[in-house]
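Below is target-v7.pdb, which holds PDB, C-alpha atoms.
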```
ATOM      1  CA  MET O   1     198.941 256.516  24.153
ATOM      2  CA  LEU O   2     201.978 256.883  21.905
ATOM      3  CA  THR O   3     203.206 260.260  20.727
ATOM      4  CA  LYS O   4     203.720 260.937  17.021
ATOM      5  CA  LEU O   5     207.472 260.480  17.446
ATOM      6  CA  GLN O   6     207.090 257.220  19.350
ATOM      7  CA  LYS O   7     204.852 255.890  16.581
ATOM      8  CA  GLN O   8     207.538 256.795  14.039
ATOM      9  CA  LEU O   9     210.157 254.932  16.067
ATOM     10  CA  PHE O  10     207.942 251.863  16.389
ATOM     11  CA  GLU O  11     207.624 251.843  12.591
ATOM     12  CA  LEU O  12     211.404 251.212  12.556
ATOM     13  CA  GLN O  13     211.208 248.497  15.212
ATOM     14  CA  ASP O  14     213.279 245.332  15.118
ATOM     15  CA  LYS O  15     212.100 243.147  18.009
ATOM     16  CA  GLU O  16     215.114 240.843  17.894
ATOM     17  CA  TYR O  17     217.417 243.843  18.110
ATOM     18  CA  ALA O  18     215.392 245.178  21.053
ATOM     19  CA  ALA O  19     215.933 241.904  22.924
ATOM     20  CA  PHE O  20     219.632 241.978  22.048
ATOM     21  CA  GLN O  21     220.034 245.543  23.313
ATOM     22  CA  ALA O  22     218.191 244.731  26.522
ATOM     23  CA  LYS O  23     220.724 241.994  27.292
ATOM     24  CA  LEU O  24     223.611 244.412  26.729
ATOM     25  CA  THR O  25     222.076 247.067  28.966
ATOM     26  CA  PRO O  26     221.366 245.547  32.402
ATOM     27  CA  GLY O  27     219.173 247.455  34.793
ATOM     28  CA  ILE O  28     216.945 248.933  32.084
ATOM     29  CA  PRO O  29     213.454 247.368  31.792
ATOM     30  CA  GLU O  30     213.099 245.259  28.659
ATOM     31  CA  GLU O  31     209.866 247.005  27.738
ATOM     32  CA  SER O  32     211.835 250.269  27.411
ATOM     33  CA  PHE O  33     213.490 249.021  24.233
ATOM     34  CA  ILE O  34     211.737 249.680  20.935
ATOM     35  CA  GLY O  35     214.539 248.158  18.900
ATOM     36  CA  VAL O  36     215.616 250.753  16.336
ATOM     37  CA  ARG O  37     219.021 249.883  14.925
ATOM     38  CA  VAL O  38     221.607 252.644  15.318
ATOM     39  CA  PRO O  39     222.210 253.308  11.584
ATOM     40  CA  LEU O  40     218.469 253.817  11.101
ATOM     41  CA  LEU O  41     218.285 256.000  14.212
ATOM     42  CA  ARG O  42     221.174 258.151  12.960
ATOM     43  CA  LYS O  43     219.392 258.638   9.642
ATOM     44  CA  PHE O  44     216.153 259.448  11.446
ATOM     45  CA  ALA O  45     217.967 261.942  13.714
ATOM     46  CA  LYS O  46     219.347 263.872  10.733
ATOM     47  CA  GLU O  47     215.869 264.373   9.324
ATOM     48  CA  PHE O  48     214.147 264.918  12.658
ATOM     49  CA  SER O  49     216.655 267.642  13.633
ATOM     50  CA  LYS O  50     215.234 269.803  10.835
ATOM     51  CA  SER O  51     211.658 269.579  12.113
ATOM     52  CA  THR O  52     209.874 271.982  14.430
ATOM     53  CA  GLU O  53     209.149 269.043  16.734
ATOM     54  CA  CYS O  54     212.826 268.586  17.559
ATOM     55  CA  VAL O  55     213.028 271.400  20.131
ATOM     56  CA  THR O  56     209.851 270.171  21.814
ATOM     57  CA  PHE O  57     211.316 266.683  22.044
ATOM     58  CA  LEU O  58     214.616 267.906  23.531
ATOM     59  CA  ASN O  59     212.680 269.770  26.218
ATOM     60  CA  ALA O  60     210.374 266.829  26.995
ATOM     61  CA  LEU O  61     212.411 265.084  29.691
ATOM     62  CA  PRO O  62     212.369 262.413  30.919
ATOM     63  CA  HIS O  63     211.670 260.186  27.938
ATOM     64  CA  THR O  64     209.805 256.883  28.109
ATOM     65  CA  TYR O  65     211.912 254.696  25.833
ATOM     66  CA  TYR O  66     215.589 253.810  25.599
ATOM     67  CA  ASP O  67     215.454 254.569  21.874
ATOM     68  CA  GLU O  68     214.206 258.093  22.612
ATOM     69  CA  ASN O  69     217.231 258.653  24.832
ATOM     70  CA  MET O  70     219.504 257.323  22.102
ATOM     71  CA  LEU O  71     217.837 259.724  19.666
ATOM     72  CA  HIS O  72     218.336 262.567  22.136
ATOM     73  CA  SER O  73     222.079 261.828  22.316
ATOM     74  CA  LEU O  74     222.335 261.718  18.525
ATOM     75  CA  LEU O  75     220.506 265.035  18.183
ATOM     76  CA  LEU O  76     222.823 266.719  20.682
ATOM     77  CA  SER O  77     225.813 265.283  18.844
ATOM     78  CA  GLN O  78     224.683 267.143  15.700
ATOM     79  CA  MET O  79     224.270 270.569  17.301
ATOM     80  CA  LYS O  80     226.471 273.276  15.801
ATOM     81  CA  ASP O  81     226.307 275.986  18.477
ATOM     82  CA  TYR O  82     228.724 275.119  21.301
ATOM     83  CA  ASP O  83     227.102 277.106  24.099
ATOM     84  CA  GLU O  84     223.619 275.831  23.282
ATOM     85  CA  CYS O  85     224.960 272.303  22.987
ATOM     86  CA  VAL O  86     226.493 272.496  26.472
ATOM     87  CA  ILE O  87     223.242 273.833  27.913
ATOM     88  CA  GLN O  88     221.233 271.039  26.313
ATOM     89  CA  THR O  89     223.815 268.397  27.250
ATOM     90  CA  GLU O  90     223.772 269.432  30.903
ATOM     91  CA  ARG O  91     219.970 269.285  30.900
ATOM     92  CA  PHE O  92     220.104 265.749  29.544
ATOM     93  CA  LEU O  93     223.005 264.217  31.501
ATOM     94  CA  PRO O  94     221.043 263.632  34.755
ATOM     95  CA  TYR O  95     218.547 261.501  32.817
ATOM     96  CA  ILE O  96     221.146 259.176  31.296
ATOM     97  CA  ASP O  97     220.901 255.800  33.029
ATOM     98  CA  ASN O  98     222.993 253.462  30.888
ATOM     99  CA  TRP O  99     226.360 253.218  29.155
ATOM    100  CA  ALA O 100     225.012 253.068  25.579
ATOM    101  CA  VAL O 101     223.129 256.369  25.684
ATOM    102  CA  CYS O 102     226.130 257.922  27.432
ATOM    103  CA  ASP O 103     228.722 256.665  24.969
ATOM    104  CA  ILE O 104     226.852 257.604  21.802
ATOM    105  CA  LEU O 105     226.649 261.211  23.017
ATOM    106  CA  SER O 106     229.604 262.867  21.293
ATOM    107  CA  PRO O 107     228.960 266.430  20.097
ATOM    108  CA  LYS O 108     231.140 267.240  17.078
ATOM    109  CA  VAL O 109     231.164 270.939  17.966
ATOM    110  CA  PHE O 110     233.206 270.205  21.109
ATOM    111  CA  ALA O 111     236.325 269.726  18.969
ATOM    112  CA  LYS O 112     236.288 273.408  18.027
ATOM    113  CA  HIS O 113     236.157 274.728  21.600
ATOM    114  CA  LYS O 114     238.839 272.827  23.528
ATOM    115  CA  ASP O 115     239.626 275.721  25.878
ATOM    116  CA  LYS O 116     236.050 275.886  27.129
ATOM    117  CA  LEU O 117     235.547 272.136  26.954
ATOM    118  CA  ILE O 118     238.327 271.187  29.377
ATOM    119  CA  VAL O 119     236.685 273.331  32.068
ATOM    120  CA  LYS O 120     233.408 271.491  31.575
ATOM    121  CA  ILE O 121     235.174 268.136  31.514
ATOM    122  CA  ARG O 122     236.590 268.814  34.977
ATOM    123  CA  GLU O 123     233.078 269.588  36.237
ATOM    124  CA  TRP O 124     231.428 266.581  34.634
ATOM    125  CA  SER O 125     234.157 264.142  35.662
ATOM    126  CA  SER O 126     233.819 265.076  39.334
ATOM    127  CA  SER O 127     230.043 264.550  39.362
ATOM    128  CA  ASN O 128     228.503 262.005  41.730
ATOM    129  CA  HIS O 129     226.163 260.928  38.927
ATOM    130  CA  THR O 130     227.742 257.886  37.285
ATOM    131  CA  TYR O 131     226.987 258.736  33.679
ATOM    132  CA  THR O 132     227.773 262.437  33.958
ATOM    133  CA  SER O 133     231.186 261.474  35.289
ATOM    134  CA  ARG O 134     231.623 258.760  32.666
ATOM    135  CA  PHE O 135     230.716 261.260  29.938
ATOM    136  CA  GLY O 136     233.279 263.751  31.219
ATOM    137  CA  ILE O 137     236.090 261.205  31.183
ATOM    138  CA  GLU O 138     235.036 259.933  27.771
ATOM    139  CA  MET O 139     235.201 263.485  26.390
ATOM    140  CA  LEU O 140     238.673 263.828  27.901
ATOM    141  CA  MET O 141     239.702 260.598  26.192
ATOM    142  CA  SER O 142     238.182 261.665  22.866
ATOM    143  CA  HIS O 143     239.621 265.170  22.725
ATOM    144  CA  PHE O 144     242.721 265.416  24.899
ATOM    145  CA  LEU O 145     244.940 262.388  24.315
ATOM    146  CA  ASP O 146     246.410 263.588  21.025
ATOM    147  CA  ASP O 147     247.643 267.054  20.003
ATOM    148  CA  ASP O 148     245.969 268.795  22.945
ATOM    149  CA  PHE O 149     247.321 266.393  25.555
ATOM    150  CA  GLN O 150     248.834 267.702  28.772
ATOM    151  CA  PRO O 151     250.208 265.295  31.431
ATOM    152  CA  GLN O 152     248.158 266.898  34.206
ATOM    153  CA  TYR O 153     244.949 265.840  32.461
ATOM    154  CA  LEU O 154     245.662 262.274  33.605
ATOM    155  CA  GLU O 155     244.928 263.399  37.149
ATOM    156  CA  ILE O 156     241.258 263.893  36.272
ATOM    157  CA  PRO O 157     240.335 260.207  35.763
ATOM    158  CA  ALA O 158     242.950 259.092  38.301
ATOM    159  CA  ALA O 159     241.010 260.961  40.986
ATOM    160  CA  SER O 160     237.922 258.785  40.468
ATOM    161  CA  ARG O 161     237.202 256.297  43.252
ATOM    162  CA  SER O 162     233.696 255.398  42.174
ATOM    163  CA  GLU O 163     232.692 251.801  42.859
ATOM    164  CA  GLU O 164     230.163 251.867  40.016
ATOM    165  CA  TYR O 165     231.107 249.250  37.429
ATOM    166  CA  TYR O 166     230.567 251.503  34.413
ATOM    167  CA  MET O 167     232.726 254.217  35.947
ATOM    168  CA  LYS O 168     235.550 251.829  36.796
ATOM    169  CA  MET O 169     235.412 250.475  33.255
ATOM    170  CA  MET O 170     235.552 253.992  31.835
ATOM    171  CA  VAL O 171     238.643 254.867  33.857
ATOM    172  CA  ALA O 172     240.322 251.628  32.771
ATOM    173  CA  TRP O 173     239.379 252.298  29.152
ATOM    174  CA  PHE O 174     240.799 255.812  29.436
ATOM    175  CA  PHE O 175     244.135 254.697  30.882
ATOM    176  CA  ALA O 176     244.504 251.826  28.414
ATOM    177  CA  THR O 177     243.992 254.340  25.604
ATOM    178  CA  ALA O 178     246.374 256.792  27.268
ATOM    179  CA  LEU O 179     249.042 254.072  27.460
ATOM    180  CA  ALA O 180     248.667 253.541  23.720
ATOM    181  CA  LYS O 181     248.828 257.242  22.875
ATOM    182  CA  GLN O 182     250.907 258.807  25.656
ATOM    183  CA  TRP O 183     252.979 255.969  27.120
ATOM    184  CA  GLU O 184     255.748 257.982  28.774
ATOM    185  CA  SER O 185     253.345 260.227  30.683
ATOM    186  CA  THR O 186     250.915 257.456  31.573
ATOM    187  CA  ILE O 187     253.053 254.485  32.620
ATOM    188  CA  PRO O 188     254.078 256.093  35.960
ATOM    189  CA  TYR O 189     250.416 255.900  37.053
ATOM    190  CA  ILE O 190     250.609 252.132  36.600
ATOM    191  CA  GLU O 191     254.101 251.754  38.039
ATOM    192  CA  LYS O 192     253.153 253.677  41.189
ATOM    193  CA  GLY O 193     249.778 251.950  41.621
ATOM    194  CA  VAL O 194     247.820 255.199  41.574
ATOM    195  CA  LEU O 195     244.575 253.558  40.454
ATOM    196  CA  ALA O 196     242.343 251.344  42.584
ATOM    197  CA  PRO O 197     243.420 247.670  42.279
ATOM    198  CA  TRP O 198     240.488 246.487  40.145
ATOM    199  CA  THR O 199     240.822 249.443  37.778
ATOM    200  CA  HIS O 200     244.610 249.042  37.686
ATOM    201  CA  ASN O 201     244.363 245.408  36.596
ATOM    202  CA  LYS O 202     241.549 246.086  34.134
ATOM    203  CA  THR O 203     243.662 248.840  32.563
ATOM    204  CA  ILE O 204     246.509 246.381  32.051
ATOM    205  CA  GLN O 205     244.130 243.792  30.601
ATOM    206  CA  LYS O 206     242.624 246.255  28.118
ATOM    207  CA  ALA O 207     246.047 247.642  27.182
ATOM    208  CA  LYS O 208     247.343 244.144  26.472
ATOM    209  CA  GLU O 209     244.379 243.610  24.142
ATOM    210  CA  SER O 210     245.331 246.714  22.155
ATOM    211  CA  PHE O 211     247.121 246.506  18.817
ATOM    212  CA  ARG O 212     248.680 249.898  19.565
ATOM    213  CA  ILE O 213     250.732 248.572  22.505
ATOM    214  CA  THR O 214     254.031 246.896  21.560
ATOM    215  CA  PRO O 215     254.823 243.322  22.660
ATOM    216  CA  GLU O 216     257.589 244.685  24.888
ATOM    217  CA  GLN O 217     255.209 247.112  26.546
ATOM    218  CA  LYS O 218     252.654 244.349  27.092
ATOM    219  CA  GLU O 219     255.283 242.144  28.688
ATOM    220  CA  TYR O 220     256.284 244.964  31.017
ATOM    221  CA  LEU O 221     252.650 245.690  31.942
ATOM    222  CA  THR O 222     252.220 242.042  32.928
ATOM    223  CA  THR O 223     254.871 242.513  35.619
ATOM    224  CA  LEU O 224     252.897 245.455  37.064
ATOM    225  CA  LYS O 225     249.673 243.538  37.684
ATOM    226  CA  MET O 226     248.402 243.767  41.267
ATOM    227  CA  LYS O 227     247.703 240.576  43.217
TER
END
```

Full structure transcribed into structure tokens:
Amino acid sequence: MLTKLQKQLFELQDKEYAAFQAKLTPGIPEESFIGVRVPLLRKFAKEFSKSTECVTFLNALPHTYYDENMLHSLLLSQMKDYDECVIQTERFLPYIDNWAVCDILSPKVFAKHKDKLIVKIREWSSSNHTYTSRFGIEMLMSHFLDDDFQPQYLEIPAASRSEEYYMKMMVAWFFATALAKQWESTIPYIEKGVLAPWTHNKTIQKAKESFRITPEQKEYLTTLKMK
């Protein structure tokens, strides 16, 4: 029997989109996808966050549907109290089982508490749970590759030796972005072969696809590819 919220989500269903999302998210049962497009889900989240049912929903873990998990991430991303947001995020992280739900989780309030956030990022990034670790590195990439960058932060993703595909991709994504934003500090990690071979080569591939890397830098990266 569907809950009131689930019925509301099914009213927004797009079956073709559900099938499309299922193909992009391997390992998740196809019947878990309702098929609510993200713009509609964002709009729904803004309204739902004002309701008394929101707190009940956030505490009702695990959820049944992929779309409920996406909604959960969007609701956390809207939270304005940092400490409460961290508490709720850490309750939710163990239940994340795919890259999409992980990557859409991006609390805006984190940007205002960088000193506290970096401590949490170190904890999350070292987790044995794939998507907790991925989330930690993604938050590092989102918040600490610009004005708040410090060279030692590169050691956090470099320490990862996970064989999980979505973790290796996250580390490669991070270092490709770091090459674009902090070339001088990052290139030694590629020159010295600090990363695992697959991740090293994927980093170079993604960096070469970037418009923010110069042609000269791309040519140099090509010479650093591992065989």

- When distances are computed from only C-alpha atoms, which of O:Glu11, O:Glu53, O:Glu30, O:Glu90 shows the smallest separation from Ser73 of chain O? O:Glu90

- For the file shown, report as a list in words the outcome of the PyMOL selection byres ((chain O and resi 208-214) around 12) at residue level.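 Here the PyMOL selection byres ((chain O and resi 208-214) around 12) matches Trp173, Phe175, Ala176, Thr177, Ala178, Leu179, Ala180, Lys181, Gln182, Trp183, Ile187, Asn201, Lys202, Thr203, Ile204, Gln205, Lys206, Ala207, Pro215, Glu216, Gln217, Lys218, Glu219, Tyr220, Leu221, Thr222, Thr223 and Lys225 of chain O.
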
- Message: For a test of reading the model, state the distance in Å between atom CA of Asp67 of chain O and atom CA of His129 of chain O, rounded to one decimal.
- Response: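 Atom CA of His129 of chain O lies at a distance of 21.1 Å from atom CA of Asp67 of chain O.
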
Against segment 116-123 of chain O, which residues of segment 140-159 of chain O fall within 10 Å? For each one I want the closest pair of atoms and the distance in Å (one decimal), counting all atoms listed in the file, rows by chain and increasing residue number, as a Markdown table.
```
| residue | atom | partner | partner_atom | distance |
| --- | --- | --- | --- | --- |
| O:Leu140 | CA | O:Ile121 | CA | 6.6 |
| O:His143 | CA | O:Ile118 | CA | 9.1 |
| O:Phe144 | CA | O:Ile118 | CA | 8.5 |
| O:Tyr153 | CA | O:Ile118 | CA | 9.1 |
| O:Ile156 | CA | O:Arg122 | CA | 6.9 |
| O:Pro157 | CA | O:Arg122 | CA | 9.4 |
```

- Message: Can you measure atom CA of His63 of chain O to atom CA of Glu163 of chain O for me? One decimal in Å is fine.
- Response: 27.1 Å

- Quick one: residues within 12 Å of (234.1, 276.8, 20.9) (file frame), counting all atoms listed in the file, please, as a PyMOL selection string. chain O and resi 80-86+107-120

- Message: One decimal, in Å: what's the spacing between atom CA of Tyr189 of chain O and atom CA of Leu105 of chain O?
- Response: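 Calculated distance between atom CA of Tyr189 of chain O and atom CA of Leu105 of chain O is 28.1 Å.
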
- Might you pull out every residue within 12 Å of Val55 of chain O, with only C-alpha atoms counted and same-chain residues fewer than 5 positions away left off, and present them as a PyMOL selection string? chain O and resi 48-50+60-61+72+75-76+79+84+88

- Message: Can you spell out as a ChimeraX atom specification the set of residues that the PyMOL selection byres ((chain O and resi 13) around 10) selects in the structure I just provided?
- Response: /O:7-12,14-18,33-37,40,67

- Protein, DNA and RNA residues within 6 Å of (250.8, 262.9, 30.4), all atoms listed in the file, as a list of chain:residue names: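 Within the cut-off we find O:Gln150, O:Pro151, O:Ser185, O:Thr186.
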
- Counting all atoms listed in the file, the residue of O:Leu24, O:Leu5, O:Ala19, O:Ile190 that sits nearest Leu58 of chain O: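 For Leu58 of chain O, the nearest of the candidates is O:Leu5.
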
Determine the residue membership of the PyMOL selection byres ((chain O and resi 98) around 8) for the file above and supply it as an mmCIF file with C-alpha atoms, in the frame of the given file.
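Final output, saved to result12.cif:
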```
data_model
loop_
_atom_site.group_PDB
_atom_site.id
_atom_site.type_symbol
_atom_site.label_atom_id
_atom_site.label_comp_id
_atom_site.auth_asym_id
_atom_site.auth_seq_id
_atom_site.Cartn_x
_atom_site.Cartn_y
_atom_site.Cartn_z
ATOM 1 C CA THR O 25 222.076 247.067 28.966
ATOM 2 C CA ILE O 28 216.945 248.933 32.084
ATOM 3 C CA ILE O 96 221.146 259.176 31.296
ATOM 4 C CA ASP O 97 220.901 255.800 33.029
ATOM 5 C CA TRP O 99 226.360 253.218 29.155
ATOM 6 C CA ALA O 100 225.012 253.068 25.579
ATOM 7 C CA VAL O 101 223.129 256.369 25.684
ATOM 8 C CA CYS O 102 226.130 257.922 27.432
ATOM 9 C CA TYR O 131 226.987 258.736 33.679
#
```

- Query: Smallest atom-to-atom distance to Asn69 of chain O: which of O:Leu41, O:Met141, O:Leu2, O:Ala159, using all atoms listed in the file?
  - Reply: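 The closest residue to Asn69 of chain O is O:Leu41.
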
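The residue that comes closest to Glu47 of chain O, out of O:Thr89, O:Ser106, O:Gln6, O:Gln78 and on the basis of all atoms listed in the file, is O:Gln78.
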
Please complete segment 168-200 of chain O with N, CA and C atoms and give it back as a short mmCIF file (atom, residue, chain, number, x, y, z; two decimals), in the coordinates of the input.
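Done, and the output landed in selection_16.cif:
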```cif
data_model
loop_
_atom_site.label_atom_id
_atom_site.label_comp_id
_atom_site.auth_asym_id
_atom_site.auth_seq_id
_atom_site.Cartn_x
_atom_site.Cartn_y
_atom_site.Cartn_z
N LYS O 168 234.24 252.49 36.72
CA LYS O 168 235.55 251.83 36.80
C LYS O 168 236.01 251.38 35.41
N MET O 169 235.07 250.90 34.61
CA MET O 169 235.41 250.48 33.26
C MET O 169 235.84 251.66 32.40
N MET O 170 235.19 252.80 32.60
CA MET O 170 235.55 253.99 31.84
C MET O 170 236.96 254.46 32.18
N VAL O 171 237.30 254.45 33.44
CA VAL O 171 238.64 254.87 33.86
C VAL O 171 239.69 253.91 33.29
N ALA O 172 239.40 252.62 33.32
CA ALA O 172 240.32 251.63 32.77
C ALA O 172 240.47 251.81 31.27
N TRP O 173 239.37 252.05 30.59
CA TRP O 173 239.38 252.30 29.15
C TRP O 173 240.22 253.53 28.84
N PHE O 174 240.03 254.58 29.64
CA PHE O 174 240.80 255.81 29.44
C PHE O 174 242.30 255.54 29.56
N PHE O 175 242.70 254.89 30.65
CA PHE O 175 244.14 254.70 30.88
C PHE O 175 244.75 253.71 29.89
N ALA O 176 243.99 252.73 29.45
CA ALA O 176 244.50 251.83 28.41
C ALA O 176 244.75 252.59 27.12
N THR O 177 243.83 253.51 26.80
CA THR O 177 243.99 254.34 25.60
C THR O 177 245.16 255.31 25.78
N ALA O 178 245.28 255.86 26.98
CA ALA O 178 246.37 256.79 27.27
C ALA O 178 247.73 256.09 27.17
N LEU O 179 247.79 254.83 27.59
CA LEU O 179 249.04 254.07 27.46
C LEU O 179 249.42 253.91 25.99
N ALA O 180 248.42 253.71 25.15
CA ALA O 180 248.67 253.54 23.72
C ALA O 180 249.11 254.84 23.06
N LYS O 181 248.56 255.96 23.54
CA LYS O 181 248.83 257.24 22.88
C LYS O 181 249.89 258.09 23.57
N GLN O 182 249.99 257.96 24.89
CA GLN O 182 250.91 258.81 25.66
C GLN O 182 251.62 257.94 26.71
N TRP O 183 252.35 256.96 26.24
CA TRP O 183 252.98 255.97 27.12
C TRP O 183 253.86 256.59 28.20
N GLU O 184 254.76 257.44 27.83
CA GLU O 184 255.75 257.98 28.77
C GLU O 184 255.10 258.73 29.93
N SER O 185 254.04 259.47 29.63
CA SER O 185 253.34 260.23 30.68
C SER O 185 252.43 259.36 31.52
N THR O 186 251.94 258.27 30.92
CA THR O 186 250.92 257.46 31.57
C THR O 186 251.48 256.31 32.40
N ILE O 187 252.55 255.69 31.95
CA ILE O 187 253.05 254.48 32.62
C ILE O 187 253.39 254.70 34.09
N PRO O 188 253.84 255.91 34.52
CA PRO O 188 254.08 256.09 35.96
C PRO O 188 252.84 255.86 36.83
N TYR O 189 251.65 256.12 36.28
CA TYR O 189 250.42 255.90 37.05
C TYR O 189 250.22 254.41 37.33
N ILE O 190 250.70 253.58 36.42
CA ILE O 190 250.61 252.13 36.60
C ILE O 190 251.75 251.64 37.49
N GLU O 191 252.93 252.16 37.25
CA GLU O 191 254.10 251.75 38.04
C GLU O 191 253.93 252.09 39.51
N LYS O 192 253.31 253.22 39.80
CA LYS O 192 253.15 253.68 41.19
C LYS O 192 251.85 253.20 41.83
N GLY O 193 251.03 252.48 41.06
CA GLY O 193 249.78 251.95 41.62
C GLY O 193 248.80 253.03 42.05
N VAL O 194 248.69 254.07 41.24
CA VAL O 194 247.82 255.20 41.57
C VAL O 194 246.34 254.81 41.54
N LEU O 195 245.98 253.94 40.61
CA LEU O 195 244.58 253.56 40.45
C LEU O 195 244.17 252.51 41.48
N ALA O 196 242.87 252.40 41.71
CA ALA O 196 242.34 251.34 42.58
C ALA O 196 242.70 249.99 41.97
N PRO O 197 242.95 248.97 42.79
CA PRO O 197 243.42 247.67 42.28
C PRO O 197 242.63 247.09 41.11
N TRP O 198 241.30 247.06 41.22
CA TRP O 198 240.49 246.49 40.15
C TRP O 198 240.69 247.26 38.85
N THR O 199 240.67 248.59 38.95
CA THR O 199 240.82 249.44 37.78
C THR O 199 242.23 249.32 37.21
N HIS O 200 243.21 249.23 38.08
CA HIS O 200 244.61 249.04 37.69
C HIS O 200 244.76 247.78 36.83
#
```
